[in-house]
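Below: the structure, in structure tokens.
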Amino acid sequence: MKRSIEWQIATIKAIKRETRNVKTYTLAIPNFTPHRSGQHYDLRLTAPDGYQAQRSYSIASEPERTGEIDLTVEQLENGEVSSYMHEVLMVGDEVEVRGPIGGYFVWEVTMGGPLLLVAGGSGIVPLMAMIRHRSASGACHSGEAVDPGHAKIPTRLLYSSRSPEDVIYFEELMRLRAECDGLEIYHTFTRQHPPEWTGYARRIDNQMLSEVAAPLGKSALTYVCGPTLLVEAVANGLVQIGLSPQQIRTERFGPTGSNS
Ligand SMILES: Cc1cc2nc3c(=O)[nH]c(=O)nc-3n(C[C@H](O)[C@H](O)[C@H](O)COP(=O)(O)OP(=O)(O)OC[C@H]3O[C@@H](n4cnc5c(N)ncnc54)[C@H](O)[C@@H]3O)c2cc1C
């Protein structure tokens with residue numbers, strides 16, 4: 001029988017501003033269950049009159065970190081839960097959570113690669129957990145891998161943001177790219193880009209997918225996460241450029257109620 005995941009009270013240990021409208025919350029989880037990268041937690045808020053609102057948030061931190069998790073939340077205009085988190089919650093506050101949840105949109109080094117990750121906006125969050133896991137498990141350091149069979153899993157991230165200022169985890173991604181043998185990162189900016197920018201500056205299209213995916217071959221394990229329209233367009237595009245639907249896993253972030 002499947003074990004039901006109980007609600008528990010987590011305490012906010014730290015809050016970090018990532019971008020203009022994105023913050024990362026480190027939650028201390030008393031009844032911690034190890035997670036797999038790509039899984040999420042549900043978070044539930046209860047008003048004094050008993051009204052409750054519940055949303056899902058992907059785990060940003062790597063499974064190697066225990067006892068606490070990072071959730072990275074984008075504040076949406078008029079967003080009920082995301083606005084409360086951004087405007088009201090402080091370090092030391094308690095929130096109700098349950099998790100980890102999800103068994104489909106997950107990746108761990110034992111699954112191997114190559115790995116193709118495609119993110120739109122806050123869709124980077126579960127993919128970042130995968131990148132952090134790849135790094136923490138040693139799967140990217142030649143010669144130092146925990147299991148030599150997992151060394152240097154070739155990984156490519158295609159990450160669509162409105163502008164460079166909207167890129168979440170920018171510094172860390174730069175550092176991991178520099179440190180991590182076999183990790184390549186491609187940004188595309190859909191609204192604004194620096195004048196000297198020579199990279200992609202448009203919505204993700206099939207040509208872009210082909211250019212980024214081709215060096216990984218046709219067998220890449222592929223994870224796509226972001227707003228529903230982006231995820232559907234990218235998943236269709238990946239099939240059109242020759243990937244098999246069986247190797248493509250998708251996670252849609254919203255709007256609320258429309259996730260699959
Ligand atoms: C499995 C899963 C994992 C998720 N992980 C994350 C995560 O790591 N980080 C994160 O920031 N969000 C994540 N989300 C989205 C999150 O669950 C909420 O939907 C989001 O925070 C909006 O909730 P809200 O209460 O602030 O907005 P609501 O009050 O529910 O909605 C406010 C307005 O925004 C629209 N809207 C709602 N959600 C979205 C959306 N995602 N994109 C565009 N418009 C939207 C609504 O239609 C409405 O008009 C995840 C969703 C799922 C299903």
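Residues are referred to by chain and number: the chain letter is A, B, ... according to the order shown in the structure tokens, the number counts from 1 in that chain, and ligands are numbered separately from 1 in the order shown.
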Write out as a tab-separated table a residue-level contact list of chain A versus ligand 1 with cut-off 7 Å: for each qualifying residue the closest pair of atoms and the distance in Å to one decimal, counting only C-alpha atoms and all ligand atoms, rows sorted by chain and residue number upward.
```
residue	atom	partner	partner_atom_place_in_ligand_line	distance
A:His40	CA	ligand 1	3 (C)	5.9
A:Arg55	CA	ligand 1	17 (O)	4.3
A:Ser56	CA	ligand 1	17 (O)	4.0
A:Tyr57	CA	ligand 1	5 (N)	3.5
A:Ser58	CA	ligand 1	8 (O)	3.9
A:Ile59	CA	ligand 1	8 (O)	6.5
A:Leu71	CA	ligand 1	8 (O)	6.1
A:Thr72	CA	ligand 1	9 (N)	5.2
A:Val73	CA	ligand 1	11 (O)	3.6
A:Glu74	CA	ligand 1	11 (O)	3.8
A:Gln75	CA	ligand 1	26 (O)	6.3
A:Leu76	CA	ligand 1	26 (O)	5.4
A:Glu77	CA	ligand 1	33 (C)	6.3
A:Asn78	CA	ligand 1	32 (C)	5.2
A:Gly79	CA	ligand 1	26 (O)	3.1
A:Glu80	CA	ligand 1	25 (O)	3.8
A:Val81	CA	ligand 1	25 (O)	3.6
A:Ser82	CA	ligand 1	26 (O)	3.6
A:Ser83	CA	ligand 1	26 (O)	5.7
A:Ser122	CA	ligand 1	9 (N)	5.4
A:Gly123	CA	ligand 1	8 (O)	6.7
A:Val125	CA	ligand 1	8 (O)	5.1
A:Pro126	CA	ligand 1	8 (O)	6.7
A:Pro227	CA	ligand 1	42 (N)	5.5
A:Glu251	CA	ligand 1	1 (C)	6.5
A:Arg252	CA	ligand 1	53 (C)	6.1
A:Phe253	CA	ligand 1	51 (C)	3.9
A:Gly254	CA	ligand 1	41 (N)	3.5
A:Pro255	CA	ligand 1	38 (N)	3.4
A:Thr256	CA	ligand 1	19 (O)	4.4
A:Asn259	CA	ligand 1	53 (C)	5.0
```
Convert the current residue selection to file output with N, CA and C atoms, as a PDB file, in the first residue's frame.
```
ATOM      1  N   HIS A  40       8.562  17.542  -5.745  1.00  0.00           N
ATOM      2  CA  HIS A  40       8.092  18.800  -5.172  1.00  0.00           C
ATOM      3  C   HIS A  40       7.480  18.585  -3.788  1.00  0.00           C
ATOM      4  N   ARG A  55      -0.475  25.101  -2.620  1.00  0.00           N
ATOM      5  CA  ARG A  55       0.209  25.113  -3.914  1.00  0.00           C
ATOM      6  C   ARG A  55       1.386  24.139  -3.869  1.00  0.00           C
ATOM      7  N   SER A  56       1.853  23.749  -5.048  1.00  0.00           N
ATOM      8  CA  SER A  56       3.025  22.869  -5.157  1.00  0.00           C
ATOM      9  C   SER A  56       4.262  23.701  -5.477  1.00  0.00           C
ATOM     10  N   TYR A  57       5.396  23.348  -4.878  1.00  0.00           N
ATOM     11  CA  TYR A  57       6.669  23.997  -5.216  1.00  0.00           C
ATOM     12  C   TYR A  57       7.765  22.942  -5.335  1.00  0.00           C
ATOM     13  N   SER A  58       8.486  23.012  -6.447  1.00  0.00           N
ATOM     14  CA  SER A  58       9.560  22.054  -6.688  1.00  0.00           C
ATOM     15  C   SER A  58      10.684  22.241  -5.675  1.00  0.00           C
ATOM     16  N   ILE A  59      11.356  21.159  -5.389  1.00  0.00           N
ATOM     17  CA  ILE A  59      12.507  21.236  -4.487  1.00  0.00           C
ATOM     18  C   ILE A  59      13.701  21.693  -5.323  1.00  0.00           C
ATOM     19  N   LEU A  71      13.018  25.952  -1.484  1.00  0.00           N
ATOM     20  CA  LEU A  71      11.949  26.173  -2.463  1.00  0.00           C
ATOM     21  C   LEU A  71      12.197  27.545  -3.076  1.00  0.00           C
ATOM     22  N   THR A  72      12.096  27.653  -4.383  1.00  0.00           N
ATOM     23  CA  THR A  72      12.318  28.942  -5.057  1.00  0.00           C
ATOM     24  C   THR A  72      10.995  29.364  -5.676  1.00  0.00           C
ATOM     25  N   VAL A  73      10.505  30.521  -5.247  1.00  0.00           N
ATOM     26  CA  VAL A  73       9.133  30.921  -5.585  1.00  0.00           C
ATOM     27  C   VAL A  73       9.130  32.249  -6.331  1.00  0.00           C
ATOM     28  N   GLU A  74       8.472  32.243  -7.476  1.00  0.00           N
ATOM     29  CA  GLU A  74       8.292  33.471  -8.251  1.00  0.00           C
ATOM     30  C   GLU A  74       7.001  34.141  -7.798  1.00  0.00           C
ATOM     31  N   GLN A  75       7.072  35.432  -7.505  1.00  0.00           N
ATOM     32  CA  GLN A  75       5.855  36.151  -7.117  1.00  0.00           C
ATOM     33  C   GLN A  75       5.069  36.512  -8.363  1.00  0.00           C
ATOM     34  N   LEU A  76       3.824  36.019  -8.432  1.00  0.00           N
ATOM     35  CA  LEU A  76       2.955  36.335  -9.565  1.00  0.00           C
ATOM     36  C   LEU A  76       2.065  37.507  -9.195  1.00  0.00           C
ATOM     37  N   GLU A  77       1.734  38.314 -10.194  1.00  0.00           N
ATOM     38  CA  GLU A  77       0.839  39.439  -9.950  1.00  0.00           C
ATOM     39  C   GLU A  77      -0.496  38.893  -9.434  1.00  0.00           C
ATOM     40  N   ASN A  78      -0.952  39.395  -8.328  1.00  0.00           N
ATOM     41  CA  ASN A  78      -2.186  38.929  -7.684  1.00  0.00           C
ATOM     42  C   ASN A  78      -2.129  37.456  -7.278  1.00  0.00           C
ATOM     43  N   GLY A  79      -0.955  36.893  -7.220  1.00  0.00           N
ATOM     44  CA  GLY A  79      -0.823  35.484  -6.822  1.00  0.00           C
ATOM     45  C   GLY A  79      -1.086  35.356  -5.332  1.00  0.00           C
ATOM     46  N   GLU A  80      -2.025  34.530  -4.982  1.00  0.00           N
ATOM     47  CA  GLU A  80      -2.448  34.425  -3.589  1.00  0.00           C
ATOM     48  C   GLU A  80      -1.316  33.900  -2.693  1.00  0.00           C
ATOM     49  N   VAL A  81      -0.796  32.742  -3.032  1.00  0.00           N
ATOM     50  CA  VAL A  81       0.206  32.118  -2.167  1.00  0.00           C
ATOM     51  C   VAL A  81       1.591  32.734  -2.388  1.00  0.00           C
ATOM     52  N   SER A  82       1.972  32.931  -3.652  1.00  0.00           N
ATOM     53  CA  SER A  82       3.323  33.467  -3.909  1.00  0.00           C
ATOM     54  C   SER A  82       3.460  34.877  -3.336  1.00  0.00           C
ATOM     55  N   SER A  83       2.408  35.686  -3.384  1.00  0.00           N
ATOM     56  CA  SER A  83       2.490  37.043  -2.826  1.00  0.00           C
ATOM     57  C   SER A  83       2.568  37.007  -1.309  1.00  0.00           C
ATOM     58  N   SER A 122      10.611  30.182 -13.933  1.00  0.00           N
ATOM     59  CA  SER A 122      10.819  29.424 -12.690  1.00  0.00           C
ATOM     60  C   SER A 122      10.826  27.922 -12.925  1.00  0.00           C
ATOM     61  N   GLY A 123      10.571  27.488 -14.154  1.00  0.00           N
ATOM     62  CA  GLY A 123      10.704  26.074 -14.509  1.00  0.00           C
ATOM     63  C   GLY A 123      12.130  25.559 -14.333  1.00  0.00           C
ATOM     64  N   VAL A 125      13.607  25.515 -11.588  1.00  0.00           N
ATOM     65  CA  VAL A 125      13.802  25.040 -10.206  1.00  0.00           C
ATOM     66  C   VAL A 125      14.061  23.526 -10.109  1.00  0.00           C
ATOM     67  N   PRO A 126      13.175  22.659 -10.621  1.00  0.00           N
ATOM     68  CA  PRO A 126      13.471  21.226 -10.475  1.00  0.00           C
ATOM     69  C   PRO A 126      14.688  20.800 -11.301  1.00  0.00           C
ATOM     70  N   PRO A 227       6.089  27.332 -17.863  1.00  0.00           N
ATOM     71  CA  PRO A 227       4.675  27.608 -18.114  1.00  0.00           C
ATOM     72  C   PRO A 227       4.102  26.616 -19.129  1.00  0.00           C
ATOM     73  N   GLU A 251       6.912  18.920 -16.979  1.00  0.00           N
ATOM     74  CA  GLU A 251       6.204  19.412 -15.786  1.00  0.00           C
ATOM     75  C   GLU A 251       5.702  20.818 -16.086  1.00  0.00           C
ATOM     76  N   ARG A 252       4.388  20.996 -15.912  1.00  0.00           N
ATOM     77  CA  ARG A 252       3.772  22.306 -16.191  1.00  0.00           C
ATOM     78  C   ARG A 252       3.520  23.016 -14.882  1.00  0.00           C
ATOM     79  N   PHE A 253       3.884  24.292 -14.833  1.00  0.00           N
ATOM     80  CA  PHE A 253       3.785  25.055 -13.580  1.00  0.00           C
ATOM     81  C   PHE A 253       2.497  25.837 -13.435  1.00  0.00           C
ATOM     82  N   GLY A 254       1.677  25.938 -14.432  1.00  0.00           N
ATOM     83  CA  GLY A 254       0.489  26.724 -14.136  1.00  0.00           C
ATOM     84  C   GLY A 254      -0.214  27.158 -15.388  1.00  0.00           C
ATOM     85  N   PRO A 255      -1.250  27.968 -15.242  1.00  0.00           N
ATOM     86  CA  PRO A 255      -1.803  28.505 -14.000  1.00  0.00           C
ATOM     87  C   PRO A 255      -2.371  27.412 -13.083  1.00  0.00           C
ATOM     88  N   THR A 256      -2.628  27.820 -11.848  1.00  0.00           N
ATOM     89  CA  THR A 256      -3.118  26.907 -10.826  1.00  0.00           C
ATOM     90  C   THR A 256      -4.310  26.099 -11.344  1.00  0.00           C
ATOM     91  N   ASN A 259      -2.148  22.094 -14.060  1.00  0.00           N
ATOM     92  CA  ASN A 259      -0.978  21.227 -14.155  1.00  0.00           C
ATOM     93  C   ASN A 259      -1.387  19.794 -14.459  1.00  0.00           C
TER      94      ASN A 259
END
```
Discussion item. DSSP on the backbone, strand (DSSP E or B) only: what residues of region 51-103 of chain A does that give? Format it as a VMD selection string.
Written reply: chain A and resid 52 to 59 68 to 74 94 to 101
Query raised in the report: What is the distance, in Å and to one decimal place, between CA of Ile185 (chain A) and CA of Leu216 (chain A)?
Result: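 Result for CA of Ile185 (chain A) versus CA of Leu216 (chain A): 13.2 Å, one decimal.
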Residues near Leu117 (chain A), cut-off 7 Å, only C-alpha atoms, skip fewer than 5 positions along chain, as number ranges by chain = A: 127, 156-158, 222-224
Take the residues that were just selected and, keeping C-alpha atoms, output them as a PDB file, in the first residue's frame.
```pdb
ATOM      1  CA  LEU A 127      16.111  21.195 -13.222  1.00  0.00           C
ATOM      2  CA  ARG A 156      22.869  20.670 -21.722  1.00  0.00           C
ATOM      3  CA  LEU A 157      20.522  23.265 -20.266  1.00  0.00           C
ATOM      4  CA  LEU A 158      18.463  25.535 -22.524  1.00  0.00           C
ATOM      5  CA  THR A 222      14.936  15.094 -21.632  1.00  0.00           C
ATOM      6  CA  TYR A 223      13.178  17.174 -18.957  1.00  0.00           C
ATOM      7  CA  VAL A 224      11.085  20.215 -19.826  1.00  0.00           C
TER       8      VAL A 224
END
```
Checklist entry - Among region 10-239 of chain A, which residues carry a DSSP assignment of helix (DSSP H, G or I), reported as an NGL selection string? => result :A and (80-87 or 109-111 or 121-136 or 148-150 or 164-166 or 170-179 or 206-216 or 228-239)
- What's the 9 Å shell around Met128 (chain A), counting only C-alpha atoms, without same-chain residues fewer than 2 positions away, as a ChimeraX atom specification? /A:37-38,59-62,124-126,130-133,169,173
